[in-house]
Amino acid sequence: MEEKLSVSVLKGISYALELPEDIVFNMPRITMIGNVKAYIENAGELMKYTTEEIRFVHKYAVLKIQGESLRIEVFNKEETVLAGKIDQVQIRQRGQDHVD
């Protein structure tokens with residue numbers, strides 16, 4: 001209940017101040033350079049890392065990147081840089097559809 005209350009409070013603040021929810025919730029933000037590089041802000045905690053799949057879990061979302069020869073070039077609190085052949089990027093809100 002407490003988690004749901006804080007989400008609705010944050011949504012209300014976002015709406016009242018006309019701020020994008022991605023800013024208020026500190027959601028992951030991805031910038032792609034073709035299909036060979038991804039710059040990710042607020043990626044979250046690294047949960048899986050193989051050359052075919054990289055997965056992050058954030059407080060409000062799950063981020064899954066699939067491809068070939070994937071590698072992490074930079075990984076810190078502010079940014080993550082991935083390289084390789086990126087075939088698919090999925091972002092799902094936690095608690096909704098499970099990302100397989």
# chains A, B, ... in the order shown; residues from 1 in each chain; ligands from 1
>>> residues_around(residues="stretch 58-66 of chain A", least_positions_apart="5", cutoff="6 Å", atoms="only C-alpha atoms", output="ChimeraX atom specification")
/A:44,52-53,87-94
>>> closest_residue(among="A:Val9, A:Leu17, A:Ile30, A:Ala83", to="A:Ala43", atoms="only C-alpha atoms")
A:Ile30
>>> atom_distance(atom1="atom CA of A:Thr51", atom2="atom CA of A:Asn26")
27.1 Å
>>> residues_around(residues="A:Val74", least_positions_apart="5", cutoff="10 Å", atoms="only C-alpha atoms", output="list in words")
Tyr39, Ile40, Glu79, Thr80, Val81, Leu82 and Ala83 of chain A
>>> write_last_selection(atoms="C-alpha atoms", output="PDB file, in the first residue's frame")
ATOM      1  CA  TYR A  39      23.622   5.340 -23.868  1.00  0.00           C
ATOM      2  CA  ILE A  40      21.424   4.719 -20.826  1.00  0.00           C
ATOM      3  CA  GLU A  79      25.311   6.413 -17.160  1.00  0.00           C
ATOM      4  CA  THR A  80      25.745   3.089 -18.865  1.00  0.00           C
ATOM      5  CA  VAL A  81      27.106   2.635 -22.372  1.00  0.00           C
ATOM      6  CA  LEU A  82      26.437  -0.591 -24.242  1.00  0.00           C
ATOM      7  CA  ALA A  83      27.955  -1.638 -27.549  1.00  0.00           C
TER       8      ALA A  83
END
>>> atom_distance(atom1="atom CA of A:Lys37", atom2="atom CA of A:Val57")
19.7 Å
